[in-house]
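Next comes run_38.cif, with mmCIF, C-alpha atoms and all ligand atoms.
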data_run
loop_
_atom_site.label_atom_id
_atom_site.label_comp_id
_atom_site.auth_asym_id
_atom_site.auth_seq_id
_atom_site.Cartn_x
_atom_site.Cartn_y
_atom_site.Cartn_z
CA MET A 1 8.29 -20.35 45.26
CA SER A 2 9.06 -16.70 44.55
CA GLU A 3 9.48 -15.65 40.91
CA ASN A 4 10.65 -12.48 39.18
CA ALA A 5 9.18 -11.32 35.90
CA LEU A 6 8.87 -8.36 33.58
CA ALA A 7 5.18 -7.97 32.84
CA LEU A 8 2.82 -6.01 30.64
CA VAL A 9 -0.59 -5.46 32.24
CA VAL A 10 -3.03 -6.80 29.65
CA ARG A 11 -6.16 -6.84 31.79
CA GLY A 12 -7.00 -5.26 35.11
CA THR A 13 -10.00 -6.52 37.03
CA ASP A 14 -11.18 -5.12 40.33
CA TRP A 15 -12.01 -7.88 42.70
CA SER A 16 -12.78 -6.22 45.99
CA GLU A 17 -12.12 -3.05 47.92
CA THR A 18 -8.73 -4.24 49.06
CA SER A 19 -7.53 -6.66 46.39
CA ARG A 20 -7.16 -6.64 42.69
CA ILE A 21 -6.75 -9.38 40.12
CA SER A 22 -4.78 -8.53 37.02
CA THR A 23 -3.84 -10.49 33.94
CA LEU A 24 -0.17 -10.03 33.16
CA PHE A 25 1.71 -11.06 30.04
CA THR A 26 5.22 -11.73 31.31
CA ARG A 27 8.35 -12.10 29.26
CA GLU A 28 9.56 -15.06 31.32
CA PHE A 29 6.39 -17.09 31.93
CA GLY A 30 3.82 -15.92 29.41
CA LYS A 31 0.37 -15.05 30.72
CA ILE A 32 -0.34 -15.24 34.43
CA ARG A 33 -3.25 -14.12 36.58
CA ALA A 34 -2.16 -12.50 39.75
CA LEU A 35 -3.75 -11.17 42.92
CA ALA A 36 -2.51 -7.89 44.38
CA LYS A 37 -3.65 -7.38 47.96
CA GLY A 38 -4.26 -3.77 48.88
CA GLY A 39 -4.87 -3.07 45.22
CA ARG A 40 -7.32 -0.22 45.76
CA ARG A 41 -6.12 1.28 49.03
CA LEU A 42 -4.73 4.78 48.86
CA ASN A 43 -0.96 4.95 49.04
CA SER A 44 -0.71 1.32 48.19
CA LYS A 45 2.36 0.46 46.19
CA PHE A 46 -0.05 -1.41 43.94
CA GLU A 47 -2.40 1.53 43.52
CA ILE A 48 -1.39 2.45 40.00
CA ALA A 49 1.08 -0.28 39.08
CA PHE A 50 -1.56 -2.46 37.48
CA ASP A 51 -3.15 0.04 35.18
CA LEU A 52 -3.67 -1.41 31.72
CA LEU A 53 -0.55 -1.35 29.49
CA ASN A 54 1.90 -0.52 32.27
CA VAL A 55 5.17 -2.45 32.19
CA VAL A 56 5.85 -3.71 35.67
CA GLN A 57 8.70 -5.62 37.27
CA VAL A 58 6.93 -8.05 39.60
CA VAL A 59 7.74 -10.62 42.22
CA PHE A 60 5.06 -13.20 42.81
CA LEU A 61 4.49 -16.37 44.76
CA LYS A 62 3.51 -19.27 42.58
CA LYS A 63 0.35 -20.87 43.91
CA THR A 64 -1.54 -23.89 42.82
CA GLY A 65 -4.91 -23.09 41.30
CA GLY A 66 -3.83 -20.55 38.74
CA LEU A 67 -3.91 -17.32 40.76
CA GLU A 68 -0.48 -16.05 41.79
CA LEU A 69 0.09 -13.74 44.74
CA LEU A 70 1.98 -10.55 43.89
CA THR A 71 4.40 -9.47 46.58
CA GLU A 72 6.27 -6.68 44.79
CA ALA A 73 5.60 -4.46 41.81
CA GLN A 74 7.55 -1.60 40.33
CA ILE A 75 6.52 0.33 37.23
CA VAL A 76 9.40 0.35 34.76
CA GLU A 77 7.72 1.79 31.68
CA ARG A 78 4.51 3.53 30.65
CA PHE A 79 3.29 4.79 27.32
CA PRO A 80 1.90 8.27 28.02
CA HIS A 81 1.76 9.16 24.30
CA LEU A 82 -1.15 6.72 23.97
CA ARG A 83 -3.29 8.99 26.19
CA THR A 84 -3.19 11.82 23.69
CA ASN A 85 -3.78 9.83 20.52
CA LEU A 86 -7.06 7.93 20.34
CA PRO A 87 -6.21 5.62 17.40
CA ALA A 88 -2.94 4.73 19.16
CA LEU A 89 -4.78 4.09 22.44
CA TYR A 90 -7.28 1.77 20.75
CA ALA A 91 -4.36 -0.02 19.07
CA GLY A 92 -2.71 -0.43 22.49
CA TYR A 93 -5.90 -1.90 23.97
CA TYR A 94 -6.16 -4.19 20.95
CA ILE A 95 -2.60 -5.46 21.52
CA ALA A 96 -3.51 -6.12 25.17
CA GLU A 97 -6.59 -8.05 24.05
CA LEU A 98 -4.58 -10.21 21.63
CA LEU A 99 -2.04 -11.04 24.37
CA SER A 100 -4.71 -11.68 26.98
CA GLU A 101 -7.13 -13.69 24.84
CA GLY A 102 -4.79 -15.29 22.34
CA THR A 103 -2.14 -16.85 24.56
CA GLN A 104 -2.29 -19.62 27.15
CA ASP A 105 -1.20 -19.40 30.80
CA TYR A 106 2.45 -20.18 31.32
CA ASP A 107 3.21 -20.34 27.60
CA PRO A 108 6.07 -17.84 27.23
CA HIS A 109 6.67 -15.95 23.98
CA PRO A 110 9.54 -13.51 24.62
CA ALA A 111 9.61 -12.41 20.96
CA LEU A 112 5.91 -11.54 21.20
CA PHE A 113 6.49 -9.67 24.46
CA ASP A 114 9.32 -7.67 22.87
CA ALA A 115 7.23 -6.93 19.76
CA ALA A 116 4.35 -5.70 21.95
CA LEU A 117 6.58 -3.26 23.84
CA GLU A 118 8.28 -2.06 20.68
CA THR A 119 4.89 -1.49 19.04
CA LEU A 120 3.51 0.37 22.07
CA ARG A 121 6.60 2.61 22.14
CA THR A 122 6.24 3.56 18.48
CA LEU A 123 2.46 3.98 18.23
CA THR A 124 2.76 7.66 17.47
CA GLU A 125 2.38 7.44 13.71
CA SER A 126 1.65 4.82 11.03
CA VAL A 127 -0.71 3.10 13.47
CA PRO A 128 -2.31 0.73 10.90
CA ARG A 129 1.11 -0.42 9.69
CA ARG A 130 2.44 -0.99 13.21
CA VAL A 131 -0.69 -2.86 14.29
CA SER A 132 -0.45 -5.02 11.16
CA ALA A 133 3.20 -5.83 11.82
CA PHE A 134 2.33 -6.79 15.41
CA GLU A 135 -0.53 -9.03 14.25
CA LEU A 136 1.92 -10.85 11.97
CA VAL A 137 4.28 -11.48 14.91
CA TRP A 138 1.32 -12.65 17.01
CA LEU A 139 0.24 -15.03 14.21
CA ARG A 140 3.80 -16.34 13.79
CA GLU A 141 4.26 -16.97 17.50
CA LEU A 142 0.94 -18.83 17.65
CA GLY A 143 1.94 -20.93 14.65
CA TYR A 144 -0.41 -19.29 12.13
CA SER A 145 1.91 -17.29 9.86
CA PRO A 146 0.00 -16.77 6.62
CA ARG A 147 1.79 -18.16 3.58
CA LEU A 148 2.62 -15.17 1.37
CA ASP A 149 5.20 -16.48 -1.11
CA ALA A 150 3.15 -19.33 -2.59
CA CYS A 151 -0.35 -20.76 -2.75
CA ALA A 152 -1.20 -22.06 0.72
CA VAL A 153 -3.12 -24.98 -0.83
CA CYS A 154 -0.93 -26.29 -3.69
CA ALA A 155 2.39 -24.48 -2.97
CA ARG A 156 2.56 -22.92 -6.45
CA GLY A 157 4.96 -19.97 -6.29
CA LEU A 158 3.29 -16.55 -6.33
CA SER A 159 6.00 -13.97 -6.48
CA VAL A 160 5.43 -10.23 -6.84
CA PRO A 161 5.59 -8.71 -9.38
CA GLU A 162 4.51 -11.25 -11.92
CA ALA A 163 4.94 -11.15 -15.68
CA GLU A 164 1.30 -12.07 -16.10
CA PRO A 165 -1.27 -10.79 -13.64
CA VAL A 166 -2.71 -13.76 -11.79
CA ARG A 167 -5.90 -13.56 -9.79
CA VAL A 168 -4.60 -14.27 -6.32
CA GLU A 169 -6.89 -14.27 -3.32
CA TYR A 170 -6.33 -14.65 0.39
CA SER A 171 -7.88 -17.12 2.81
CA PRO A 172 -7.31 -17.41 6.57
CA GLU A 173 -8.76 -20.93 6.52
CA ALA A 174 -6.40 -22.06 3.73
CA GLY A 175 -3.53 -20.33 5.53
CA GLY A 176 -2.52 -17.53 3.19
CA LEU A 177 -2.52 -16.77 -0.53
CA VAL A 178 -4.62 -18.92 -2.83
CA CYS A 179 -3.91 -19.35 -6.55
CA PRO A 180 -6.67 -19.39 -9.23
CA ASP A 181 -6.72 -23.21 -9.39
CA CYS A 182 -7.38 -23.56 -5.66
CA LEU A 183 -10.01 -20.87 -5.12
CA SER A 184 -12.80 -23.41 -4.77
CA GLN A 185 -11.04 -24.85 -1.73
CA ALA A 186 -10.98 -21.58 0.16
CA ARG A 187 -14.50 -20.65 1.23
CA ASP A 188 -13.48 -17.60 3.27
CA ARG A 189 -11.29 -16.14 0.53
CA ARG A 190 -11.12 -12.44 -0.27
CA PRO A 191 -9.49 -10.68 -3.24
CA LEU A 192 -6.07 -9.21 -2.53
CA SER A 193 -4.49 -6.72 -4.91
CA ALA A 194 -0.82 -7.02 -5.88
CA VAL A 195 -0.07 -3.84 -3.91
CA ALA A 196 -1.74 -5.17 -0.76
CA ARG A 197 0.07 -8.45 -1.21
CA SER A 198 3.44 -6.74 -1.42
CA ILE A 199 2.64 -4.65 1.70
CA LEU A 200 1.83 -7.85 3.58
CA GLN A 201 5.03 -9.50 2.38
CA GLY A 202 7.05 -6.46 3.43
CA LEU A 203 5.47 -6.42 6.90
CA ALA A 204 6.06 -10.15 7.37
CA GLY A 205 9.64 -9.94 6.15
CA PRO A 206 12.76 -8.99 8.10
CA PRO A 207 12.25 -5.79 10.10
CA ASP A 208 15.28 -4.09 8.54
CA GLY A 209 13.47 -3.87 5.20
CA ALA A 210 12.82 -0.19 4.61
CA PRO A 211 9.08 0.46 4.85
CA LYS A 212 7.48 2.41 2.06
CA PRO A 213 6.70 6.00 2.94
CA PRO A 214 2.99 6.05 3.81
CA GLU A 215 2.10 8.53 1.08
CA LEU A 216 3.13 6.05 -1.59
CA VAL A 217 0.75 3.38 -0.36
CA PRO A 218 -2.81 3.74 -1.62
CA LEU A 219 -5.35 3.88 1.19
CA SER A 220 -7.40 1.16 -0.50
CA ALA A 221 -4.44 -1.24 -0.24
CA VAL A 222 -3.96 -0.42 3.44
CA ARG A 223 -7.67 -1.20 3.97
CA GLU A 224 -7.23 -4.53 2.16
CA VAL A 225 -4.31 -5.43 4.40
CA ARG A 226 -6.23 -4.46 7.54
CA ALA A 227 -9.25 -6.51 6.40
CA ALA A 228 -7.14 -9.57 5.55
CA LEU A 229 -5.27 -9.49 8.87
CA GLY A 230 -8.38 -8.73 10.92
CA GLN A 231 -10.07 -11.73 9.33
CA THR A 232 -7.04 -13.92 10.03
CA VAL A 233 -6.78 -12.87 13.68
CA SER A 234 -10.54 -13.48 14.09
CA TYR A 235 -10.17 -16.92 12.50
CA VAL A 236 -7.32 -17.90 14.86
CA LEU A 237 -9.05 -16.45 17.93
CA GLY A 238 -12.36 -18.07 17.02
CA ARG A 239 -14.17 -14.75 17.26
CA ARG A 240 -13.76 -11.14 16.25
CA PRO A 241 -11.59 -9.23 18.78
CA ARG A 242 -13.66 -6.65 20.68
CA LEU A 243 -11.23 -3.82 19.91
CA LEU A 244 -10.76 -4.63 16.22
CA GLY A 245 -13.65 -2.40 15.15
CA TYR A 246 -12.09 0.53 17.03
CA VAL A 247 -8.70 -0.05 15.44
CA ASP A 248 -10.13 -0.14 11.94
CA GLY A 249 -13.11 2.15 12.53
ZN ZN A 301 -3.00 -23.38 -5.52
#

What's the structure tokens form of this structure?
Amino acid sequence: MSENALALVVRGTDWSETSRISTLFTREFGKIRALAKGGRRLNSKFEIAFDLLNVVQVVFLKKTGGLELLTEAQIVERFPHLRTNLPALYAGYYIAELLSEGTQDYDPHPALFDAALETLRTLTESVPRRVSAFELVWLRELGYSPRLDACAVCARGLSVPEAEPVRVEYSPEAGGLVCPDCLSQARDRRPLSAVARSILQGLAGPPDGAPKPPELVPLSAVREVRAALGQTVSYVLGRRPRLLGYVDG
């Protein structure tokens, strides 16, 4: 059966001189692995279509055995600004890794697909903030949204700002914020300042919320947010993403 899909190339793997296997994250079907014959021949219509992070309209034949046969491919969007901005390029590769390694075959997440493209388009500035916002969409789509309005263990409300400063920490294993009474139940907890907490809540909230101008956010709080999210993504993935160190390096 022939299928149409809009796809982001999340992994390209050379297979032989004349064929190429790529991992595509499609809007319609989720992740697929597809074989492009003639993938390395000169003048092939597939020659450059399956470069990492290209957006490609594809037609493929669904096969049994998990490797689809690509019959048509047309590049519809590329992100050339990533080539001139190393932090943005690393962030793009990181997004590809999260889509490739964090999702299952044929498990579609159109909201995640849209968030990936929107992030790749806007990775010209505020890279840490945009990567963090994408990670939160990725976590939500996979069912691992961290709880940020209350203690993830006992559900005690933890609003910001508070009349009395409360020592709140953060734990991927517990599933979000942890109040002082529950700290002993969160072995992987890390301290999280009120500023970092409010950044996280802002990023996880509705996208129309006006983001704070970067100069008003202390760098130490940005680092806290990056560390908390990196730890959460690693927890969900079961390992530290290969590109994470480059994104936060
Ligand atoms: Zn609690």

Around ligand ZN 301 (chain A), which protein and nucleic acid residues have at least one atom no more than 6 Å from it, if we count all atoms listed in the file? List them as a short mmCIF file (atom, residue, chain, number, x, y, z; two decimals) with C-alpha atoms, keeping the file's coordinate frame.
data_model
loop_
_atom_site.label_atom_id
_atom_site.label_comp_id
_atom_site.auth_asym_id
_atom_site.auth_seq_id
_atom_site.Cartn_x
_atom_site.Cartn_y
_atom_site.Cartn_z
CA CYS A 151 -0.35 -20.76 -2.75
CA VAL A 153 -3.12 -24.98 -0.83
CA CYS A 154 -0.93 -26.29 -3.69
CA ARG A 156 2.56 -22.92 -6.45
CA VAL A 178 -4.62 -18.92 -2.83
CA CYS A 179 -3.91 -19.35 -6.55
CA ASP A 181 -6.72 -23.21 -9.39
CA CYS A 182 -7.38 -23.56 -5.66
#

Which neighbours of segment 109-112 of chain A fall inside 8 Å, counting all atoms listed in the file, when residues of the same chain fewer than 3 positions from it are skipped, and could you give them as a list in words?
-> Arg27, Glu28, Gly30, Ala115, Ala116, Val137, Trp138 and Glu141 of chain A

Closest-contact table, segment 114-194 of chain A side, partner segment 226-230 of chain A, 9 Å, counting all atoms listed in the file, as a Markdown table:
| residue | atom | partner | partner_atom | distance |
| --- | --- | --- | --- | --- |
| A:Pro128 | CA | A:Arg226 | CA | 7.3 |
| A:Arg129 | CA | A:Arg226 | CA | 8.6 |
| A:Val131 | CA | A:Arg226 | CA | 8.9 |
| A:Ser132 | CA | A:Arg226 | CA | 6.8 |
| A:Glu135 | CA | A:Leu229 | CA | 7.2 |
| A:Leu136 | CA | A:Leu229 | CA | 7.9 |
| A:Tyr170 | CA | A:Ala228 | CA | 7.3 |
| A:Ser171 | CA | A:Ala228 | CA | 8.1 |
| A:Pro172 | CA | A:Ala228 | CA | 7.9 |
| A:Arg190 | CA | A:Ala228 | CA | 7.6 |
| A:Leu192 | CA | A:Ala228 | CA | 8.2 |

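The gap separating atom CA of Thr103 of chain A from atom CA of Leu142 of chain A is 7.8 Å, in Å to one decimal.
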
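Atom pair atom CA of Phe29 of chain A / atom CA of Leu53 of chain A has a distance of 17.4 Å (rounded to one decimal).
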
Edge lengths and centre in Å to one decimal, as AutoDock Vina command-line options, is what I'm after for the box along x, y and z that holds all listed atoms of segment 105-108 of chain A once 5 Å is added on each side.
--center_x 2.4 --center_y -19.1 --center_z 29.3 --size_x 17.3 --size_y 12.5 --size_z 14.1

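Reported to one decimal place, the separation of atom CA of Tyr90 of chain A from atom CA of Leu35 of chain A is 25.9 Å.
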
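Among the candidates A:Thr232, A:Gln104, A:Ser198, A:Ser145, the residue lying nearest to Thr26 of chain A is A:Gln104 (atoms considered: all atoms listed in the file).
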
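The residue that comes closest to Tyr93 of chain A, out of A:Arg11, A:His81, A:Arg197, A:Arg33 and on the basis of all atoms listed in the file, is A:Arg11.
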
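Using all atoms listed in the file for every distance, the candidate list A:Ser193, A:Ser234, A:Thr13, A:Asn4 yields A:Asn4 as the residue closest to Gln74 of chain A.
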
Residue list as a compact mmCIF listing (two decimals) with C-alpha atoms, in the frame of the given file for point (-3.2, -3.1, 22.5), cut-off 9 Å, all atoms listed in the file:
# COMPACT_ATOMS: atom_id res chain seq x y z
CA VAL A 10 -3.03 -6.80 29.65
CA LEU A 53 -0.55 -1.35 29.49
CA ALA A 88 -2.94 4.73 19.16
CA LEU A 89 -4.78 4.09 22.44
CA TYR A 90 -7.28 1.77 20.75
CA ALA A 91 -4.36 -0.02 19.07
CA GLY A 92 -2.71 -0.43 22.49
CA TYR A 93 -5.90 -1.90 23.97
CA TYR A 94 -6.16 -4.19 20.95
CA ILE A 95 -2.60 -5.46 21.52
CA ALA A 96 -3.51 -6.12 25.17
CA GLU A 97 -6.59 -8.05 24.05
CA LEU A 98 -4.58 -10.21 21.63
CA LEU A 99 -2.04 -11.04 24.37
CA ALA A 116 4.35 -5.70 21.95
CA THR A 119 4.89 -1.49 19.04
CA LEU A 120 3.51 0.37 22.07
CA VAL A 131 -0.69 -2.86 14.29
CA LEU A 243 -11.23 -3.82 19.91

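Take the candidates A:Gly102, A:Ala221, A:Ala150, A:Pro180 and check each one against Gly238 of chain A using all atoms listed in the file; the shortest distance goes to A:Gly102.
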
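Nearest residue to Gly245 of chain A among A:Leu148, A:Lys62, A:Tyr106, A:Pro87 is A:Pro87, counting only C-alpha atoms.
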
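The residue that comes closest to Ser100 of chain A, out of A:Thr23, A:Ser126, A:Thr84, A:Asn54 and on the basis of all atoms listed in the file, is A:Thr23.
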
Might you pull out every residue within 8 Å of Val59 of chain A, with all atoms listed in the file counted and same-chain residues fewer than 2 positions away left off, and present them as a PyMOL selection string?
-> chain A and resi 2-5+57+61+70-73
